[in-house]
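Remarks on the structure that follows.
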Amino acid sequence: ETPLWFAPKGKEPKDILSFHRSNDFLPIQNEVMGVRNSVGVTDISNFAKYKFSGLDAENFLSNLMTNLMPKVGRIILTPMLNHQGKVIGDFTIARQDQNSFYMWGSQNAQKHHIRWFLKNLPKNGSVDIECIDQKLCGLSIAGPKSRELLSSLVDEDISKENFKFMNFKIMNVAGAPCLVNKLTFTGDLGYEIWMEPSYQRRVYTNIKSAGEKHGIVDFGVRALLSMRLEKNFPTWGRELRPIYNPFECGLERFVKLEKNTFIGSKEIRNEENQKLSRVTFVIDAKDADVMGDEPIWAKVPRGEFTKAISESK
């Protein structure tokens with residue numbers, strides 16, 4: 001379970017459904033502004049979590065994923081394709097050491113992904129897969145004050161020179177052993193902090209205490225999804241689906257066709273310069289917002305889409 005939004009003090013935390021903007025609109029706006037202007041914290045335990053280890057772990061993952069595998073202490077983002085070249089998953093992969101990788105993905109697709117991993121697993125026992133599931137909990141802190149906040153809880157040098165964007169490191173946070181990724185789904189400066197369930201309360205309370213001077217806010221899934229849209233970040237089940245290839249999804253920078261063959265690579269080589277692509281546009285609204293979830297095809301050059309939408313009103 002993860003919070004959707006946080007009701008103000010004195011207000012019942014309950015959705016009042018409406019065809020117009022609901023009662024969650026202003027609280028979510030405050031959560032978003034709190035993150036963008038200072039720092040916020042949210043629970044991200046609902047991600048799927050895996051660990052791959054063994055002598056052939058890198059080759060195994062490289063065969064499944066479109067991107068190159070990260071160096072030790074680094075993170076990559078990567079789609080995964082089926083044999084038809086369609087996107088069946090997107091993941092964050094961090095390399096712990098030469099033969100060990102942590103991976104995060106969509107919990108909704110966890111069972112499907114595990115079956116796919118096991119189906120393609122080498123038969124010689126050279127790769128071990130652990131579905132970590134709820135043996136790891138996660139908190140994300142995001143916003144311009146997040147580095148200052150985290151610095152007060154660790155003994156590590158996490159300056160921008162020594163702990164760079166897309167870095168991964170095991171460190172103690174408020175005295176608790178944690179895996180720390182330097183990235184956020186909000187698009188702000190921030191960190192994903194992963195720990196065993198027994199440590200989550202300690203880490204959370206220390207984050208809230210250290211963040212008081214910054215006006216830290218709790219934010220929920222709805223604020224998170226709003227902020228990721230502002231940065232044009234796609235998410236599984238919405239913009240990323242098995243009916244699209246990675247170029248249509250706007251994931252071309254994570255597809256390395258120059259590397260050795262990966263599943264689906266042959267099928268997408270002729271689609272690299274396809275004409276369909278995912279774009280984001282804004283629809284003006286006063287008190288009712290578009291929910292989305294429908295594809296809109298527009299026969300216009302890239303960069304002219306917003307103009308075409310405006311002229312079609």
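Ordering of the structure tokens sets the chain letters (A, B, ...), residue numbers begin anew at 1 in every chain, and ligands are numbered from 1 in the order given.
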Excluding region 242-251 of chain A and its own-chain neighbours fewer than 2 positions away, which residues fall within 12 Å of it when counting only C-alpha atoms? Please give them as a tab-separated table (two decimals) with N, CA and C atoms, in the first residue's frame.
```tsv
chain	number	residue	atom	x	y	z
A	65	MET	N	17.86	-6.89	-22.32
A	65	MET	CA	17.64	-5.45	-22.29
A	65	MET	C	18.25	-4.76	-23.51
A	66	THR	N	17.69	-3.61	-23.86
A	66	THR	CA	18.16	-2.88	-25.03
A	66	THR	C	19.38	-2.00	-24.74
A	67	ASN	N	19.61	-1.67	-23.49
A	67	ASN	CA	20.70	-0.77	-23.13
A	67	ASN	C	21.96	-1.55	-22.75
A	77	LEU	N	18.88	3.07	-17.20
A	77	LEU	CA	17.46	2.85	-17.47
A	77	LEU	C	17.37	2.08	-18.79
A	78	THR	N	16.46	1.13	-18.87
A	78	THR	CA	16.40	0.33	-20.09
A	78	THR	C	15.04	-0.30	-20.31
A	79	PRO	N	14.57	-0.31	-21.56
A	79	PRO	CA	13.39	-1.10	-21.91
A	79	PRO	C	13.78	-2.57	-22.09
A	80	MET	N	12.77	-3.42	-22.08
A	80	MET	CA	12.92	-4.84	-22.42
A	80	MET	C	11.87	-5.15	-23.47
A	81	LEU	N	12.26	-5.90	-24.52
A	81	LEU	CA	11.38	-6.18	-25.65
A	81	LEU	C	11.02	-7.66	-25.72
A	82	ASN	N	9.91	-7.94	-26.40
A	82	ASN	CA	9.60	-9.33	-26.72
A	82	ASN	C	10.17	-9.66	-28.09
A	83	HIS	N	9.87	-10.85	-28.59
A	83	HIS	CA	10.44	-11.28	-29.87
A	83	HIS	C	9.84	-10.55	-31.06
A	84	GLN	N	8.80	-9.77	-30.83
A	84	GLN	CA	8.22	-8.96	-31.91
A	84	GLN	C	8.76	-7.52	-31.88
A	85	GLY	N	9.66	-7.24	-30.95
A	85	GLY	CA	10.24	-5.91	-30.85
A	85	GLY	C	9.36	-4.91	-30.11
A	86	LYS	N	8.38	-5.38	-29.36
A	86	LYS	CA	7.50	-4.50	-28.61
A	86	LYS	C	7.96	-4.41	-27.15
A	87	VAL	N	7.67	-3.28	-26.52
A	87	VAL	CA	8.12	-3.03	-25.14
A	87	VAL	C	7.28	-3.85	-24.16
A	88	ILE	N	7.94	-4.70	-23.37
A	88	ILE	CA	7.23	-5.49	-22.36
A	88	ILE	C	7.70	-5.16	-20.94
A	89	GLY	N	8.55	-4.14	-20.82
A	89	GLY	CA	8.98	-3.73	-19.49
A	89	GLY	C	9.99	-2.60	-19.59
A	90	ASP	N	10.10	-1.83	-18.50
A	90	ASP	CA	11.16	-0.83	-18.40
A	90	ASP	C	11.71	-0.90	-16.99
A	91	PHE	N	13.03	-0.78	-16.87
A	91	PHE	CA	13.70	-1.08	-15.60
A	91	PHE	C	14.80	-0.08	-15.28
A	109	ALA	N	3.59	-5.81	-13.16
A	109	ALA	CA	4.06	-6.79	-14.16
A	109	ALA	C	5.06	-7.78	-13.57
A	232	ASN	N	7.90	14.64	-18.77
A	232	ASN	CA	7.69	13.75	-19.91
A	232	ASN	C	8.28	12.36	-19.69
A	233	PHE	N	8.26	11.90	-18.43
A	233	PHE	CA	8.71	10.55	-18.12
A	233	PHE	C	7.56	9.57	-18.37
A	234	PRO	N	7.77	8.53	-19.16
A	234	PRO	CA	6.71	7.54	-19.39
A	234	PRO	C	6.62	6.56	-18.23
A	235	THR	N	5.49	5.90	-18.12
A	235	THR	CA	5.32	4.90	-17.07
A	235	THR	C	4.65	3.66	-17.65
A	236	TRP	N	4.90	2.52	-17.01
A	236	TRP	CA	4.37	1.26	-17.51
A	236	TRP	C	2.85	1.22	-17.36
A	237	GLY	N	2.19	0.72	-18.38
A	237	GLY	CA	0.75	0.61	-18.38
A	237	GLY	C	0.05	1.83	-18.94
A	238	ARG	N	0.77	2.91	-19.10
A	238	ARG	CA	0.23	4.12	-19.72
A	238	ARG	C	0.92	4.32	-21.07
A	239	GLU	N	2.01	5.07	-21.05
A	239	GLU	CA	2.73	5.34	-22.30
A	239	GLU	C	3.53	4.13	-22.78
A	240	LEU	N	3.89	3.25	-21.86
A	240	LEU	CA	4.68	2.07	-22.21
A	240	LEU	C	3.80	0.84	-22.17
A	253	ARG	N	16.99	6.68	-26.84
A	253	ARG	CA	18.33	6.87	-26.28
A	253	ARG	C	18.74	5.72	-25.37
A	254	PHE	N	17.79	4.86	-25.00
A	254	PHE	CA	18.10	3.70	-24.18
A	254	PHE	C	18.21	2.42	-25.01
A	255	VAL	N	18.17	2.57	-26.33
A	255	VAL	CA	18.28	1.41	-27.23
A	255	VAL	C	19.63	1.47	-27.93
A	256	LYS	N	20.48	0.51	-27.66
A	256	LYS	CA	21.84	0.48	-28.22
A	256	LYS	C	21.92	-0.61	-29.29
A	257	LEU	N	21.55	-0.23	-30.51
A	257	LEU	CA	21.56	-1.20	-31.60
A	257	LEU	C	22.97	-1.64	-31.98
A	264	GLY	N	14.53	-9.06	-29.64
A	264	GLY	CA	13.76	-8.03	-30.31
A	264	GLY	C	14.57	-7.07	-31.15
A	265	SER	N	15.91	-7.18	-31.11
A	265	SER	CA	16.75	-6.22	-31.85
A	265	SER	C	16.57	-6.33	-33.35
A	267	GLU	N	13.94	-7.24	-34.96
A	267	GLU	CA	12.62	-6.77	-35.36
A	267	GLU	C	12.50	-5.25	-35.37
A	268	ILE	N	13.34	-4.55	-34.60
A	268	ILE	CA	13.20	-3.09	-34.53
A	268	ILE	C	14.23	-2.35	-35.38
A	269	ARG	N	15.16	-3.05	-35.99
A	269	ARG	CA	16.21	-2.36	-36.75
A	269	ARG	C	15.65	-1.58	-37.93
A	270	ASN	N	14.57	-2.04	-38.49
A	270	ASN	CA	13.96	-1.32	-39.61
A	270	ASN	C	12.94	-0.28	-39.16
A	271	GLU	N	12.76	-0.15	-37.84
A	271	GLU	CA	11.75	0.78	-37.32
A	271	GLU	C	12.37	1.99	-36.64
A	272	GLU	N	13.71	2.09	-36.68
A	272	GLU	CA	14.39	3.17	-35.97
A	272	GLU	C	13.94	4.55	-36.46
A	273	ASN	N	13.64	4.66	-37.74
A	273	ASN	CA	13.24	5.95	-38.31
A	273	ASN	C	11.74	6.01	-38.60
A	274	GLN	N	10.97	5.26	-37.82
A	274	GLN	CA	9.51	5.26	-38.01
A	274	GLN	C	8.95	6.66	-37.75
A	275	LYS	N	7.72	6.88	-38.21
A	275	LYS	CA	7.14	8.22	-38.17
A	275	LYS	C	6.30	8.49	-36.93
A	276	LEU	N	5.91	7.45	-36.19
A	276	LEU	CA	5.10	7.64	-35.01
A	276	LEU	C	6.00	7.86	-33.79
A	277	SER	N	5.63	8.79	-32.92
A	277	SER	CA	6.41	9.02	-31.72
A	277	SER	C	5.52	9.60	-30.62
A	278	ARG	N	5.88	9.30	-29.39
A	278	ARG	CA	5.13	9.80	-28.23
A	278	ARG	C	5.47	11.27	-27.99
A	279	VAL	N	4.44	12.07	-27.80
A	279	VAL	CA	4.65	13.49	-27.47
A	279	VAL	C	3.74	13.85	-26.30
A	280	THR	N	4.06	14.95	-25.65
A	280	THR	CA	3.25	15.45	-24.54
A	280	THR	C	2.71	16.82	-24.90
A	295	PRO	N	-4.62	6.97	-27.23
A	295	PRO	CA	-3.63	7.48	-28.19
A	295	PRO	C	-4.26	8.46	-29.17
A	297	TRP	N	-3.28	10.20	-32.82
A	297	TRP	CA	-2.32	10.22	-33.92
A	297	TRP	C	-2.45	11.54	-34.68
```
Which residues of region 39-117 of chain A come within 10 Å of region 145-161 of chain A, and what is each one's closest atom pair and distance in Å (one decimal), counting only C-alpha atoms, sorted by chain and residue number, as a tab-separated table?
```
residue	atom	partner	partner_atom	distance
A:Val39	CA	A:Lys145	CA	5.4
A:Gly40	CA	A:Ser146	CA	7.9
A:Val41	CA	A:Ser146	CA	9.2
```
**Asked** If you count only C-alpha atoms, which residues fall within 6 Å of Ser106 (chain A), apart from same-chain ones fewer than 2 positions away, as a PyMOL selection string?
**Response** chain A and resi 47-48+108-109
**Atomic distance CA of Arg36 (chain A) - CA of Ser209 (chain A), expressed in Å with one decimal** =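 The value is 19.4 Å.
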**Asked** So which residues touch Lys135 (chain A) within 12 Å, counting only C-alpha atoms, skipping near sequence neighbours fewer than 6 positions away, as a PyMOL selection string?
**Response** chain A and resi 45-51+194-200
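All residues of protein, DNA or RNA that reach within 12 Å of Lys11 (chain A), judged by only C-alpha atoms and not counting those fewer than 4 positions away in the chain, are Phe6, Ala7, Asp15, Ile16, Asn23, Asp24 and Pro27 of chain A.
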Store the residues picked out above, limited to all heavy atoms, as a PDB file, in the first residue's frame.
```pdb
ATOM      1  N   PHE A   6      -2.188  13.358   0.611  1.00  0.00           N
ATOM      2  CA  PHE A   6      -2.256  13.638   2.040  1.00  0.00           C
ATOM      3  C   PHE A   6      -3.238  14.779   2.298  1.00  0.00           C
ATOM      4  O   PHE A   6      -3.083  15.876   1.767  1.00  0.00           O
ATOM      5  CB  PHE A   6      -0.868  14.003   2.585  1.00  0.00           C
ATOM      6  CG  PHE A   6       0.077  12.840   2.604  1.00  0.00           C
ATOM      7  CD1 PHE A   6       0.811  12.500   1.475  1.00  0.00           C
ATOM      8  CD2 PHE A   6       0.219  12.061   3.744  1.00  0.00           C
ATOM      9  CE1 PHE A   6       1.678  11.420   1.488  1.00  0.00           C
ATOM     10  CE2 PHE A   6       1.075  10.973   3.771  1.00  0.00           C
ATOM     11  CZ  PHE A   6       1.812  10.650   2.642  1.00  0.00           C
ATOM     12  N   ALA A   7      -4.252  14.494   3.093  1.00  0.00           N
ATOM     13  CA  ALA A   7      -5.255  15.504   3.420  1.00  0.00           C
ATOM     14  C   ALA A   7      -4.675  16.512   4.415  1.00  0.00           C
ATOM     15  O   ALA A   7      -3.895  16.146   5.292  1.00  0.00           O
ATOM     16  CB  ALA A   7      -6.490  14.841   4.017  1.00  0.00           C
ATOM     17  N   ASP A  15     -11.542  10.562  -0.731  1.00  0.00           N
ATOM     18  CA  ASP A  15     -11.858  11.085  -2.058  1.00  0.00           C
ATOM     19  C   ASP A  15     -13.340  11.418  -2.160  1.00  0.00           C
ATOM     20  O   ASP A  15     -14.198  10.581  -1.848  1.00  0.00           O
ATOM     21  CB  ASP A  15     -11.510  10.053  -3.144  1.00  0.00           C
ATOM     22  CG  ASP A  15     -10.032  10.042  -3.489  1.00  0.00           C
ATOM     23  OD1 ASP A  15      -9.416  11.116  -3.473  1.00  0.00           O
ATOM     24  OD2 ASP A  15      -9.505   8.952  -3.766  1.00  0.00           O
ATOM     25  N   ILE A  16     -13.617  12.628  -2.586  1.00  0.00           N
ATOM     26  CA  ILE A  16     -14.986  13.016  -2.913  1.00  0.00           C
ATOM     27  C   ILE A  16     -15.069  13.064  -4.438  1.00  0.00           C
ATOM     28  O   ILE A  16     -14.555  13.989  -5.071  1.00  0.00           O
ATOM     29  CB  ILE A  16     -15.357  14.383  -2.298  1.00  0.00           C
ATOM     30  CG1 ILE A  16     -15.225  14.327  -0.768  1.00  0.00           C
ATOM     31  CG2 ILE A  16     -16.775  14.773  -2.697  1.00  0.00           C
ATOM     32  CD1 ILE A  16     -15.464  15.658  -0.088  1.00  0.00           C
ATOM     33  N   ASN A  23     -11.610  16.909  -4.489  1.00  0.00           N
ATOM     34  CA  ASN A  23     -11.085  17.568  -3.296  1.00  0.00           C
ATOM     35  C   ASN A  23      -9.596  17.301  -3.086  1.00  0.00           C
ATOM     36  O   ASN A  23      -8.978  17.899  -2.210  1.00  0.00           O
ATOM     37  CB  ASN A  23     -11.851  17.114  -2.053  1.00  0.00           C
ATOM     38  CG  ASN A  23     -11.732  15.611  -1.816  1.00  0.00           C
ATOM     39  OD1 ASN A  23     -11.875  14.799  -2.731  1.00  0.00           O
ATOM     40  ND2 ASN A  23     -11.480  15.228  -0.577  1.00  0.00           N
ATOM     41  N   ASP A  24      -9.003  16.434  -3.901  1.00  0.00           N
ATOM     42  CA  ASP A  24      -7.562  16.183  -3.772  1.00  0.00           C
ATOM     43  C   ASP A  24      -6.721  17.177  -4.573  1.00  0.00           C
ATOM     44  O   ASP A  24      -5.492  17.190  -4.448  1.00  0.00           O
ATOM     45  CB  ASP A  24      -7.222  14.755  -4.215  1.00  0.00           C
ATOM     46  CG  ASP A  24      -7.473  14.527  -5.715  1.00  0.00           C
ATOM     47  OD1 ASP A  24      -8.072  15.408  -6.373  1.00  0.00           O
ATOM     48  OD2 ASP A  24      -7.069  13.468  -6.223  1.00  0.00           O
ATOM     49  N   PRO A  27      -4.591  19.850  -2.313  1.00  0.00           N
ATOM     50  CA  PRO A  27      -3.552  19.162  -1.543  1.00  0.00           C
ATOM     51  C   PRO A  27      -2.430  18.604  -2.421  1.00  0.00           C
ATOM     52  O   PRO A  27      -1.251  18.706  -2.069  1.00  0.00           O
ATOM     53  CB  PRO A  27      -4.321  18.035  -0.834  1.00  0.00           C
ATOM     54  CG  PRO A  27      -5.701  18.568  -0.693  1.00  0.00           C
ATOM     55  CD  PRO A  27      -5.945  19.363  -1.944  1.00  0.00           C
TER      56      PRO A  27
END
```
**Prompt:** Would you give me, as a ChimeraX atom specification, the residues in region 67-228 of chain A that DSSP reads as strand (DSSP E or B)?
**Reply:** /A:74-81,87-97,100-105,128-131,137-142,167-173,176-181,190-195,217-218
**Asked** By how many Å are CA of Ile93 (chain A) and CA of Asn260 (chain A) apart?
**Response**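 CA of Asn260 (chain A) lies 18.6 Å from CA of Ile93 (chain A).
Going from CA of Phe52 (chain A) to CA of Asp128 (chain A) covers 5.7 Å.
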**Request:** Write out as number ranges by chain the residues lying within 12 Å of Phe219 (chain A), counting only C-alpha atoms and excluding same-chain residues fewer than 3 positions away.
**Result:** A: 2-8, 24, 27-36, 39-44, 139-143, 186, 216, 222-227
Keeping C-alpha atoms for every residue in the selection just given, could you write it to a file as a PDB file, in the first residue's frame?
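Final file, again.pdb:
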```pdb
ATOM      1  CA  THR A   2       1.192   3.499  -0.808  1.00  0.00           C
ATOM      2  CA  PRO A   3      -0.515   6.849  -0.102  1.00  0.00           C
ATOM      3  CA  LEU A   4      -2.353   8.536  -2.970  1.00  0.00           C
ATOM      4  CA  TRP A   5      -2.423  12.008  -1.383  1.00  0.00           C
ATOM      5  CA  PHE A   6      -2.256  13.638   2.040  1.00  0.00           C
ATOM      6  CA  ALA A   7      -5.255  15.504   3.420  1.00  0.00           C
ATOM      7  CA  PRO A   8      -4.607  18.788   5.282  1.00  0.00           C
ATOM      8  CA  ASP A  24      -7.562  16.183  -3.772  1.00  0.00           C
ATOM      9  CA  PRO A  27      -3.552  19.162  -1.543  1.00  0.00           C
ATOM     10  CA  ILE A  28      -1.754  17.534  -4.492  1.00  0.00           C
ATOM     11  CA  GLN A  29      -0.792  20.969  -5.804  1.00  0.00           C
ATOM     12  CA  ASN A  30       0.732  21.778  -2.416  1.00  0.00           C
ATOM     13  CA  GLU A  31       2.637  18.498  -2.410  1.00  0.00           C
ATOM     14  CA  VAL A  32       4.044  19.207  -5.874  1.00  0.00           C
ATOM     15  CA  MET A  33       5.052  22.763  -4.980  1.00  0.00           C
ATOM     16  CA  GLY A  34       6.680  21.541  -1.772  1.00  0.00           C
ATOM     17  CA  VAL A  35       8.867  19.137  -3.746  1.00  0.00           C
ATOM     18  CA  ARG A  36       9.712  21.586  -6.530  1.00  0.00           C
ATOM     19  CA  VAL A  39      12.027  18.747  -0.496  1.00  0.00           C
ATOM     20  CA  GLY A  40       9.465  15.977  -0.171  1.00  0.00           C
ATOM     21  CA  VAL A  41       9.433  12.317   0.839  1.00  0.00           C
ATOM     22  CA  THR A  42       7.291   9.484  -0.491  1.00  0.00           C
ATOM     23  CA  ASP A  43       7.013   5.707  -0.137  1.00  0.00           C
ATOM     24  CA  ILE A  44       8.175   3.757  -3.198  1.00  0.00           C
ATOM     25  CA  LEU A 139      11.621   5.936   0.367  1.00  0.00           C
ATOM     26  CA  SER A 140      12.299   8.648  -2.179  1.00  0.00           C
ATOM     27  CA  ILE A 141      13.374  12.158  -1.233  1.00  0.00           C
ATOM     28  CA  ALA A 142      13.199  14.756  -3.998  1.00  0.00           C
ATOM     29  CA  GLY A 143      13.677  18.477  -4.400  1.00  0.00           C
ATOM     30  CA  THR A 186       9.837  13.387 -10.157  1.00  0.00           C
ATOM     31  CA  ILE A 216       9.564  18.939   4.125  1.00  0.00           C
ATOM     32  CA  ARG A 222      -0.843  11.250  -7.554  1.00  0.00           C
ATOM     33  CA  ALA A 223       1.655  14.071  -7.007  1.00  0.00           C
ATOM     34  CA  LEU A 224       4.439  11.766  -8.194  1.00  0.00           C
ATOM     35  CA  LEU A 225       2.573  10.956 -11.408  1.00  0.00           C
ATOM     36  CA  SER A 226       1.812  14.634 -11.969  1.00  0.00           C
ATOM     37  CA  MET A 227       5.483  15.568 -11.638  1.00  0.00           C
TER      38      MET A 227
END
```
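Counting only C-alpha atoms and comparing A:Cys131, A:Leu121, A:Ala285, A:Met171, the residue that lies closest to Gly105 (chain A) is A:Cys131.
Each of A:Asn37, A:Thr92, A:Asn162, A:Asn99 was compared to Ala57 (chain A) using only C-alpha atoms, and A:Asn99 turns out to be the nearest.
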**Residue neighbourhood Asp97 (chain A), 12 Å, only C-alpha atoms, exclusion window fewer than 5 positions, as number ranges by chain** = A: 51-55, 57-58, 69-75, 102, 168-170
**Asked** Closest to Leu189 (chain A) among A:Ile114, A:Ile76, A:Met166, A:Leu64, using only C-alpha atoms?
**Response** A:Met166
**Message:** When you count only C-alpha atoms, which of these residues is closest to Asn63 (chain A): A:Lys259, A:Arg21, A:Lys182, A:Lys164?
**Reply:**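 Result for the nearest residue to Asn63 (chain A): A:Lys259.
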**Message:** Residues of region 37-165 of chain A classed as alpha helix (DSSP H) by DSSP on the backbone are to be reported as a ChimeraX atom specification.
**Reply:** /A:37,57-64,110-119,146-151
